[in-house]
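Data file: my_file-v3.cif. Format and content: mmCIF, C-alpha atoms (C1' of nucleotides) and all ligand atoms.
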data_entry
loop_
_atom_site.label_atom_id
_atom_site.label_comp_id
_atom_site.auth_asym_id
_atom_site.auth_seq_id
_atom_site.Cartn_x
_atom_site.Cartn_y
_atom_site.Cartn_z
CA MET S 1103 169.23 80.32 13.70
CA ARG S 1104 165.57 80.71 14.62
CA PHE S 1105 163.72 77.50 15.28
CA SER S 1106 160.84 78.17 12.93
CA VAL S 1107 163.18 78.87 10.03
CA GLN S 1108 165.20 75.73 10.64
CA ALA S 1109 162.02 73.75 11.00
CA GLU S 1110 160.62 74.99 7.69
CA GLU S 1111 163.82 73.95 5.96
CA ALA S 1112 163.64 70.52 7.55
CA LEU S 1113 160.00 70.18 6.47
CA ARG S 1114 160.91 71.03 2.87
CA ARG S 1115 163.81 68.59 2.93
CA GLY S 1116 161.38 65.93 4.14
CA GLY S 1117 159.02 66.54 1.22
CA ARG S 1118 156.45 68.16 3.49
CA ARG S 1119 154.72 71.44 2.80
CA ILE S 1120 154.67 74.83 4.46
CA THR S 1121 151.06 75.73 5.18
CA PRO S 1122 149.63 78.71 7.06
CA MET S 1123 148.74 76.49 9.97
CA ARG S 1124 152.25 75.02 10.15
CA ARG S 1125 153.77 78.47 10.13
CA ALA S 1126 151.52 79.55 12.99
CA LEU S 1127 152.25 76.34 14.87
CA LEU S 1128 156.01 76.75 14.59
CA LEU S 1129 155.77 80.32 15.82
CA LEU S 1130 153.76 79.18 18.82
CA LEU S 1131 156.29 76.50 19.66
CA GLU S 1132 159.05 79.08 19.49
CA GLU S 1133 157.76 80.65 22.68
CA LYS S 1134 159.37 79.38 25.85
CA LYS S 1135 156.49 77.29 27.12
CA PRO S 1136 155.88 73.75 25.83
CA LEU S 1137 152.25 73.09 24.91
CA GLY S 1138 150.27 69.93 24.23
CA PRO S 1139 148.06 69.40 21.17
CA ARG S 1140 144.89 70.60 22.88
CA GLU S 1141 146.56 73.74 24.19
CA LEU S 1142 148.16 74.39 20.81
CA HIS S 1143 144.75 74.04 19.21
CA ARG S 1144 143.18 76.49 21.66
CA GLU S 1145 145.98 79.01 21.21
CA LEU S 1146 145.85 78.79 17.43
CA ARG S 1147 142.11 79.38 17.41
CA ARG S 1148 142.52 82.27 19.80
CA ARG S 1149 144.93 83.79 17.33
CA GLY S 1150 142.45 83.42 14.50
CA VAL S 1151 143.93 80.29 12.95
CA LEU S 1152 140.69 78.29 12.76
CA VAL S 1153 142.14 74.86 12.39
CA ASP S 1154 140.77 71.45 13.28
CA ARG S 1155 141.97 69.54 16.36
CA VAL S 1156 142.83 66.55 14.24
CA SER S 1157 145.18 68.58 12.10
CA VAL S 1158 147.03 69.79 15.17
CA TYR S 1159 147.51 66.22 16.31
CA ARG S 1160 148.78 65.26 12.89
CA ASN S 1161 151.19 68.15 12.72
CA VAL S 1162 152.55 67.51 16.18
CA ALA S 1163 153.15 63.90 15.12
CA THR S 1164 154.92 65.13 11.99
CA LEU S 1165 157.23 67.43 13.93
CA LEU S 1166 158.01 64.66 16.41
CA SER S 1167 158.81 62.19 13.63
CA LEU S 1168 161.21 64.70 12.07
CA GLY S 1169 162.88 65.24 15.43
CA LEU S 1170 162.07 68.94 15.35
CA VAL S 1171 160.37 68.81 18.74
CA HIS S 1172 160.62 66.64 21.83
CA ARG S 1173 157.94 65.66 24.26
CA VAL S 1174 158.24 66.90 27.84
CA LEU S 1175 158.48 63.79 30.01
CA GLY S 1176 155.23 62.85 31.66
CA SER S 1177 153.08 65.10 29.52
CA THR S 1178 151.91 65.47 25.94
CA ALA S 1179 153.49 68.92 25.60
CA VAL S 1180 156.22 69.37 23.03
CA ARG S 1181 159.14 71.75 22.93
CA PRO S 1182 161.46 72.73 20.08
CA CYS S 1183 164.73 70.86 19.78
CA ALA S 1184 167.43 73.50 20.11
CA GLN S 1185 170.59 71.55 19.37
CA ARG S 1186 170.43 70.52 15.75
CA SER S 1187 173.47 68.29 16.18
CA PRO S 1188 172.76 64.61 16.72
CA SER S 1189 174.63 64.66 20.02
CA CYS S 1190 173.26 64.11 23.51
CA HIS S 1191 171.26 66.96 25.00
CA HIS S 1192 168.75 67.27 27.79
CA ALA S 1193 166.17 69.70 29.05
CA ILE S 1194 165.26 71.45 32.27
CA VAL S 1195 161.62 72.31 32.82
CA CYS S 1196 160.28 74.95 35.20
CA THR S 1197 157.92 73.37 37.72
CA SER S 1198 156.13 76.66 38.15
CA CYS S 1199 155.51 78.05 34.66
CA GLY S 1200 156.46 75.10 32.47
CA ALA S 1201 159.18 76.92 30.55
CA ALA S 1202 161.78 74.55 29.13
CA ARG S 1203 165.35 74.89 28.02
CA GLU S 1204 167.78 72.47 26.44
CA PHE S 1205 171.34 72.13 27.65
CA ARG S 1206 174.35 69.87 27.47
CA SER S 1207 176.57 68.58 30.22
CA GLY S 1208 179.77 66.67 29.64
CA ALA S 1209 179.71 65.42 33.22
CA VAL S 1210 176.27 63.88 32.91
CA GLU S 1211 177.09 62.37 29.53
CA LYS S 1212 180.21 60.81 31.01
CA ALA S 1213 178.39 59.41 34.03
CA LEU S 1214 175.69 57.91 31.83
CA ALA S 1215 178.30 56.47 29.48
CA ALA S 1216 180.00 54.86 32.48
CA LEU S 1217 176.72 53.33 33.59
CA ARG S 1218 176.39 51.90 30.13
CA VAL S 1219 179.32 49.63 30.86
CA ARG S 1220 178.67 48.24 34.33
CA ALA S 1221 174.89 47.95 34.18
CA PRO S 1222 173.22 45.61 36.64
CA GLY S 1223 172.48 42.66 34.36
CA PHE S 1224 171.15 44.86 31.59
CA VAL S 1225 172.64 45.92 28.26
CA VAL S 1226 172.05 49.67 28.29
CA GLN S 1227 170.70 51.19 25.09
CA GLY S 1228 169.74 54.71 26.06
CA HIS S 1229 168.13 56.88 28.67
CA LEU S 1230 165.53 59.49 29.45
CA LEU S 1231 166.68 62.46 31.50
CA GLU S 1232 164.99 65.71 32.32
CA LEU S 1233 165.73 68.17 35.10
CA ARG S 1234 163.06 69.97 37.08
CA GLY S 1235 163.57 73.39 38.61
CA LEU S 1236 162.62 77.04 38.65
CA CYS S 1237 163.38 79.35 35.76
CA GLN S 1238 164.86 82.79 36.27
CA ARG S 1239 161.50 84.56 36.13
CA CYS S 1240 159.88 82.21 38.63
CA THR S 1241 162.84 82.38 41.01
CA ALA S 1242 162.60 86.15 41.34
CA MET J 27 162.05 41.86 52.52
CA ARG J 28 159.37 41.01 50.02
CA PHE J 29 157.68 43.97 48.41
CA SER J 30 154.13 42.87 49.12
CA VAL J 31 154.86 42.43 52.83
CA GLN J 32 156.52 45.83 53.11
CA ALA J 33 153.66 47.36 51.18
CA GLU J 34 151.03 45.86 53.50
CA GLU J 35 152.85 47.30 56.48
CA ALA J 36 153.01 50.71 54.85
CA LEU J 37 149.30 50.53 54.05
CA ARG J 38 148.47 49.72 57.67
CA ARG J 39 150.70 52.53 58.89
CA GLY J 40 148.84 54.86 56.54
CA GLY J 41 145.48 53.87 58.02
CA ARG J 42 144.52 51.98 54.86
CA ARG J 43 143.12 48.45 54.81
CA ILE J 44 144.32 45.14 53.48
CA THR J 45 141.64 43.81 51.17
CA PRO J 46 141.68 40.68 48.99
CA MET J 47 142.01 42.86 45.91
CA ARG J 48 144.96 44.77 47.35
CA ARG J 49 146.71 41.55 48.26
CA ALA J 50 146.25 40.24 44.73
CA LEU J 51 147.37 43.57 43.27
CA LEU J 52 150.56 43.66 45.31
CA LEU J 53 151.41 40.12 44.28
CA LEU J 54 150.92 41.04 40.65
CA LEU J 55 153.18 44.06 40.98
CA GLU J 56 155.84 41.88 42.56
CA GLU J 57 156.43 40.20 39.22
CA LYS J 58 159.18 41.76 37.16
CA LYS J 59 157.01 43.45 34.58
CA PRO J 60 155.40 46.85 35.26
CA LEU J 61 151.72 46.99 34.28
CA GLY J 62 149.26 49.85 33.80
CA PRO J 63 145.81 50.02 35.44
CA ARG J 64 144.01 48.44 32.48
CA GLU J 65 146.50 45.58 32.28
CA LEU J 66 146.37 45.07 36.02
CA HIS J 67 142.59 44.92 35.78
CA ARG J 68 142.72 42.34 33.01
CA GLU J 69 145.27 40.20 34.85
CA LEU J 70 143.33 40.33 38.10
CA ARG J 71 140.14 39.23 36.36
CA ARG J 72 142.01 36.49 34.57
CA ARG J 73 143.13 35.23 37.97
CA GLY J 74 139.59 35.21 39.25
CA VAL J 75 139.73 38.48 41.17
CA LEU J 76 136.57 40.02 39.71
CA VAL J 77 137.23 43.63 40.56
CA ASP J 78 136.02 46.84 39.00
CA ARG J 79 138.26 48.97 36.76
CA VAL J 80 137.62 51.99 38.91
CA SER J 81 138.90 50.24 42.01
CA VAL J 82 142.11 49.36 40.24
CA TYR J 83 142.61 53.01 39.30
CA ARG J 84 141.97 54.05 42.87
CA ASN J 85 144.36 51.50 44.29
CA VAL J 86 147.11 52.40 41.87
CA ALA J 87 146.67 56.02 42.92
CA THR J 88 146.89 54.98 46.56
CA LEU J 89 150.11 53.05 46.06
CA LEU J 90 151.60 55.96 44.13
CA SER J 91 150.66 58.44 46.83
CA LEU J 92 152.34 56.27 49.46
CA GLY J 93 155.47 56.04 47.32
CA LEU J 94 155.18 52.25 47.16
CA VAL J 95 155.30 52.20 43.37
CA HIS J 96 156.73 54.45 40.67
CA ARG J 97 155.40 55.12 37.22
CA VAL J 98 157.52 53.99 34.28
CA LEU J 99 158.33 57.15 32.34
CA GLY J 100 156.19 57.67 29.28
CA SER J 101 153.60 55.09 30.25
CA THR J 102 150.94 54.50 32.88
CA ALA J 103 152.59 51.31 34.09
CA VAL J 104 153.81 51.18 37.65
CA ARG J 105 156.62 49.20 39.25
CA PRO J 106 157.41 48.50 42.89
CA CYS J 107 159.87 50.79 44.63
CA ALA J 108 162.70 48.54 45.72
CA GLN J 109 164.87 50.89 47.76
CA ARG J 110 162.87 51.82 50.82
CA SER J 111 165.46 54.41 51.81
CA PRO J 112 164.65 57.98 50.83
CA SER J 113 167.87 58.22 48.81
CA CYS J 114 168.25 58.67 45.08
CA HIS J 115 167.56 55.62 42.96
CA HIS J 116 166.73 55.03 39.33
CA ALA J 117 165.38 52.32 37.12
CA ILE J 118 166.33 50.54 33.94
CA VAL J 119 163.53 49.19 31.76
CA CYS J 120 163.85 46.44 29.15
CA THR J 121 162.77 47.74 25.75
CA SER J 122 161.88 44.23 24.68
CA CYS J 123 159.87 42.69 27.52
CA GLY J 124 159.25 45.69 29.75
CA ALA J 125 160.95 44.25 32.82
CA ALA J 126 162.23 46.91 35.20
CA ARG J 127 164.86 47.05 37.86
CA GLU J 128 165.90 49.73 40.28
CA PHE J 129 169.53 50.57 40.88
CA ARG J 130 171.79 53.22 42.34
CA SER J 131 174.86 54.85 40.87
CA GLY J 132 177.12 57.14 42.82
CA ALA J 133 178.61 58.47 39.58
CA VAL J 134 175.25 59.55 38.21
CA GLU J 135 174.20 61.06 41.53
CA LYS J 136 177.43 63.03 41.61
CA ALA J 137 177.06 64.29 38.06
CA LEU J 138 173.47 65.36 38.69
CA ALA J 139 174.47 67.04 41.93
CA ALA J 140 177.13 68.96 40.04
CA LEU J 141 174.58 70.08 37.46
CA ARG J 142 172.48 71.33 40.30
CA VAL J 143 175.08 73.98 40.96
CA ARG J 144 175.93 75.39 37.57
CA ALA J 145 172.51 75.17 35.98
CA PRO J 146 171.83 77.38 32.96
CA GLY J 147 169.71 80.09 34.58
CA PHE J 148 167.56 77.61 36.45
CA VAL J 149 167.45 76.62 40.10
CA VAL J 150 167.48 72.84 39.90
CA GLN J 151 165.01 71.03 42.15
CA GLY J 152 165.11 67.46 40.92
CA HIS J 153 165.22 65.20 37.91
CA LEU J 154 163.66 62.32 36.07
CA LEU J 155 166.03 59.61 34.91
CA GLU J 156 165.35 56.19 33.51
CA LEU J 157 167.64 53.93 31.51
CA ARG J 158 166.49 51.82 28.59
CA GLY J 159 168.12 48.54 27.65
CA LEU J 160 167.80 44.79 27.31
CA CYS J 161 167.40 42.55 30.33
CA GLN J 162 169.41 39.34 30.71
CA ARG J 163 166.66 37.11 29.32
CA CYS J 164 166.11 39.29 26.26
CA THR J 165 169.84 39.60 25.56
CA ALA J 166 170.29 35.83 25.34
"C1'" DG N 76 148.30 77.41 -15.24
"C1'" DC N 77 148.30 71.95 -14.34
"C1'" DG N 78 148.64 67.91 -11.85
"C1'" DT N 79 149.43 65.54 -7.83
"C1'" DA N 80 151.27 64.24 -3.42
"C1'" DG N 81 150.48 65.86 0.70
"C1'" DA N 82 147.43 68.49 3.97
"C1'" DT N 83 143.06 69.63 5.99
"C1'" DG N 84 138.11 69.26 7.59
"C1'" DC N 85 134.49 66.66 9.20
"C1'" DA N 86 132.19 63.01 11.51
"C1'" DA N 87 132.25 59.09 13.84
"C1'" DC N 88 134.69 56.28 16.92
"C1'" DA N 89 137.81 54.27 20.54
"C1'" DG N 90 140.15 54.26 24.87
"C1'" DA N 91 141.59 55.96 29.19
"C1'" DG N 92 140.53 57.85 33.29
"C1'" DT N 93 137.09 60.42 36.61
"C1'" DT N 94 133.08 61.46 39.59
"C1'" DG N 95 129.02 60.79 42.55
"C1'" DC N 96 126.67 58.01 45.21
"C1'" DA N 97 124.94 53.78 47.28
"C1'" DT N 98 126.56 49.69 49.43
"C1'" DC N 99 129.80 46.84 51.67
"C1'" DT N 100 133.60 45.39 54.85
"C1'" DA N 101 138.26 45.34 57.38
"C1'" DG N 102 139.67 46.08 61.51
"C1'" DA N 103 139.39 48.20 65.90
"C1'" DA N 104 136.81 48.85 70.06
"C1'" DA N 105 133.44 47.28 73.28
"C1'" DT K 1119 131.76 37.71 69.67
"C1'" DT K 1120 129.16 41.58 68.33
"C1'" DT K 1121 129.08 46.39 67.04
"C1'" DC K 1122 130.58 50.40 64.79
"C1'" DT K 1123 132.52 53.21 61.22
"C1'" DA K 1124 136.17 55.04 58.25
"C1'" DG K 1125 137.67 53.42 54.37
"C1'" DA K 1126 136.97 50.45 50.17
"C1'" DT K 1127 134.30 48.81 46.37
"C1'" DG K 1128 130.70 48.53 42.58
"C1'" DC K 1129 128.07 50.66 39.28
"C1'" DA K 1130 126.67 54.01 35.98
"C1'" DA K 1131 127.30 57.97 33.74
"C1'" DC K 1132 130.44 61.16 32.06
"C1'" DT K 1133 134.69 63.78 30.43
"C1'" DC K 1134 138.76 64.16 28.07
"C1'" DT K 1135 142.12 62.85 24.78
"C1'" DG K 1136 143.46 61.05 20.77
"C1'" DT K 1137 142.39 58.11 16.26
"C1'" DT K 1138 140.48 56.64 11.70
"C1'" DG K 1139 138.26 56.92 7.10
"C1'" DC K 1140 137.15 59.48 3.57
"C1'" DA K 1141 136.07 63.52 0.82
"C1'" DT K 1142 137.94 67.88 -0.39
"C1'" DC K 1143 141.45 71.18 -0.85
"C1'" DT K 1144 146.09 73.26 -1.80
"C1'" DA K 1145 151.26 73.90 -1.87
"C1'" DC K 1146 154.52 73.61 -4.98
"C1'" DG K 1147 157.20 71.39 -8.69
"C1'" DC K 1148 156.68 71.22 -13.44
MN MN X 1301 166.90 68.28 21.32
MN MN X 1302 162.17 53.68 44.18
ZN ZN X 1303 159.12 79.48 35.39
ZN ZN X 1304 163.55 41.84 28.64
#

Using structure tokens, write down the structure that the file contains.
Ligand SMILES: [Mn+2]
Ligand SMILES: [Mn+2]
Ligand SMILES: [Zn+2]
Ligand SMILES: [Zn+2]
Amino acid sequence: MRFSVQAEEALRRGGRRITPMRRALLLLLEEKKPLGPRELHRELRRRGVLVDRVSVYRNVATLLSLGLVHRVLGSTAVRPCAQRSPSCHHAIVCTSCGAAREFRSGAVEKALAALRVRAPGFVVQGHLLELRGLCQRCTA
Amino acid sequence: MRFSVQAEEALRRGGRRITPMRRALLLLLEEKKPLGPRELHRELRRRGVLVDRVSVYRNVATLLSLGLVHRVLGSTAVRPCAQRSPSCHHAIVCTSCGAAREFRSGAVEKALAALRVRAPGFVVQGHLLELRGLCQRCTA
DNA sequence: GCGTAGATGCAACAGAGTTGCATCTAGAAA
DNA sequence: TTTCTAGATGCAACTCTGTTGCATCTACGC
């Protein structure tokens, strides 16, 4: 199902409202490239949605708190969460154009689960993992 | 070998100088807890090293560019690089006290290498991986 | 249509990091 | 030891990002 539709449902379920700005924001996020609050703000204005910076920040925070988007590691950009299931999933981000894509890998999950057991003096709770690479467009 | 000694050698090799502030900075970094530029600045001042914020920023940048420290994911804090070899190594960070430790895992390296092959439309170049957990002190 | 919880706009603020430039000094060479 | 200079530091001003408080507005359930 389309991200923006799912997201609107989740917002409703969470007692939040569907406003024109939120609709526009969700559509923007649906595109392949993760954007940070400032970029989202600029893009929205460019598209005629004359919204305040502060509101963009607040809406990004809302989407993050509902788990509808994830932050790209090492930046403030956010990307839609594709896998609605609560299971483990990771992303690969294009180092050239910034495009991101979520994926799952049993092998990686297994390796990380194994680490969880024989950790070097630590009790493992979780992890951050993100791949870097070149998307199809940027490879060609 | 001690981190600060290795680091001084690397600085010399890179044509950089060993200043009182750099010595103090390297000693600070040697402690288990990663700190960001502002925290490093505060700590240095507390210890009587009356240095300017800007210089701390510049020195952190220098150490990063020489690969002597790594940033903790999702923060500006840096931690010493323990494995001087160019091989793959990762860190685990205590969610309670912030202590960090580098480690290696053949299993994880293998799983990531495998991913590299059958990536979903991407040409994989690298990855970011960091574990989160509780260190020995914080577990007890 | 109402009423209200939730959303937005506006203005002021806070914090992190950067830049330019003058001055200083670590370390090498004489 | 003295001299020289590339590299390091201090200082001040600035930019950029994100936050807070409060008044106003509106989505949406009734
Ligand atoms: Mn996800
Ligand atoms: Mn390292
Ligand atoms: Zn790309
Ligand atoms: Zn700890």

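Distance-wise, atom C1' of K:DT1142 and atom CA of S:Leu1170 end up 28.8 Å apart.
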
#### Entry: atom CA of J:Gln162 to atom CA of S:Phe1224, distance in Å rounded to a single decimal
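For atom CA of J:Gln162 relative to atom CA of S:Phe1224, the distance reads 5.9 Å.
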
### Message
Can you pull out every residue with an atom within 10 Å of ligand MN 1301 (chain X)? Use only C-alpha atoms (C1' of nucleotides) and all ligand atoms and format it as a ChimeraX atom specification.
### Response
/S:1169-1173,1181-1193,1203-1206

Write out, as JSON lines, each residue of chain J that has an atom at most 12 Å from ligand ZN 1303 (chain X), together with the closest pair of atoms and their distance in Å to one decimal, counting all atoms listed in the file, rows going by chain and rising number.
{"residue": "J:Gly147", "atom": "CA", "partner": "X:ZN1303", "partner_atom": "ZN", "distance": 10.6}
{"residue": "J:Phe148", "atom": "CA", "partner": "X:ZN1303", "partner_atom": "ZN", "distance": 8.7}
{"residue": "J:Val149", "atom": "CA", "partner": "X:ZN1303", "partner_atom": "ZN", "distance": 10.0}
{"residue": "J:Val150", "atom": "CA", "partner": "X:ZN1303", "partner_atom": "ZN", "distance": 11.6}

### Task
Would you give me, as a ChimeraX atom specification, the residues of chain N that come within 12 Å of chain S, using all atoms listed in the file?
/N:80-86

### Message
For a quick check: superposing chain J on chain S using all C-alpha atoms in order, what RMSD comes out?
### Response
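So the superposition leaves a C-alpha RMSD of 0.1 Å.
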
Have stretch 1134-1147 of chain S completed to N, CA and C atoms, please, and pass it along as a short mmCIF file (atom, residue, chain, number, x, y, z; two decimals), in the frame of the given file.
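What ended up in selection16.cif:
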data_model
loop_
_atom_site.label_atom_id
_atom_site.label_comp_id
_atom_site.auth_asym_id
_atom_site.auth_seq_id
_atom_site.Cartn_x
_atom_site.Cartn_y
_atom_site.Cartn_z
N LYS S 1134 158.63 80.22 24.89
CA LYS S 1134 159.37 79.38 25.85
C LYS S 1134 158.58 78.22 26.43
N LYS S 1135 157.26 78.31 26.42
CA LYS S 1135 156.49 77.29 27.12
C LYS S 1135 155.99 76.15 26.23
N PRO S 1136 156.38 74.92 26.56
CA PRO S 1136 155.88 73.75 25.83
C PRO S 1136 154.37 73.64 25.97
N LEU S 1137 153.70 73.26 24.90
CA LEU S 1137 152.25 73.09 24.91
C LEU S 1137 151.88 71.74 24.31
N GLY S 1138 150.79 71.17 24.79
CA GLY S 1138 150.27 69.93 24.23
C GLY S 1138 149.33 70.25 23.08
N PRO S 1139 148.93 69.22 22.34
CA PRO S 1139 148.06 69.40 21.17
C PRO S 1139 146.81 70.20 21.47
N ARG S 1140 146.12 69.88 22.57
CA ARG S 1140 144.89 70.60 22.88
C ARG S 1140 145.16 72.06 23.15
N GLU S 1141 146.22 72.35 23.89
CA GLU S 1141 146.56 73.74 24.19
C GLU S 1141 146.98 74.46 22.92
N LEU S 1142 147.75 73.78 22.08
CA LEU S 1142 148.16 74.39 20.81
C LEU S 1142 146.92 74.74 19.99
N HIS S 1143 145.97 73.82 19.96
CA HIS S 1143 144.75 74.04 19.21
C HIS S 1143 144.00 75.27 19.72
N ARG S 1144 143.87 75.36 21.05
CA ARG S 1144 143.18 76.49 21.66
C ARG S 1144 143.89 77.80 21.32
N GLU S 1145 145.20 77.80 21.49
CA GLU S 1145 145.98 79.01 21.21
C GLU S 1145 145.86 79.44 19.75
N LEU S 1146 145.94 78.48 18.86
CA LEU S 1146 145.85 78.79 17.43
C LEU S 1146 144.51 79.43 17.13
N ARG S 1147 143.44 78.84 17.66
CA ARG S 1147 142.11 79.38 17.41
C ARG S 1147 142.01 80.78 17.97
#
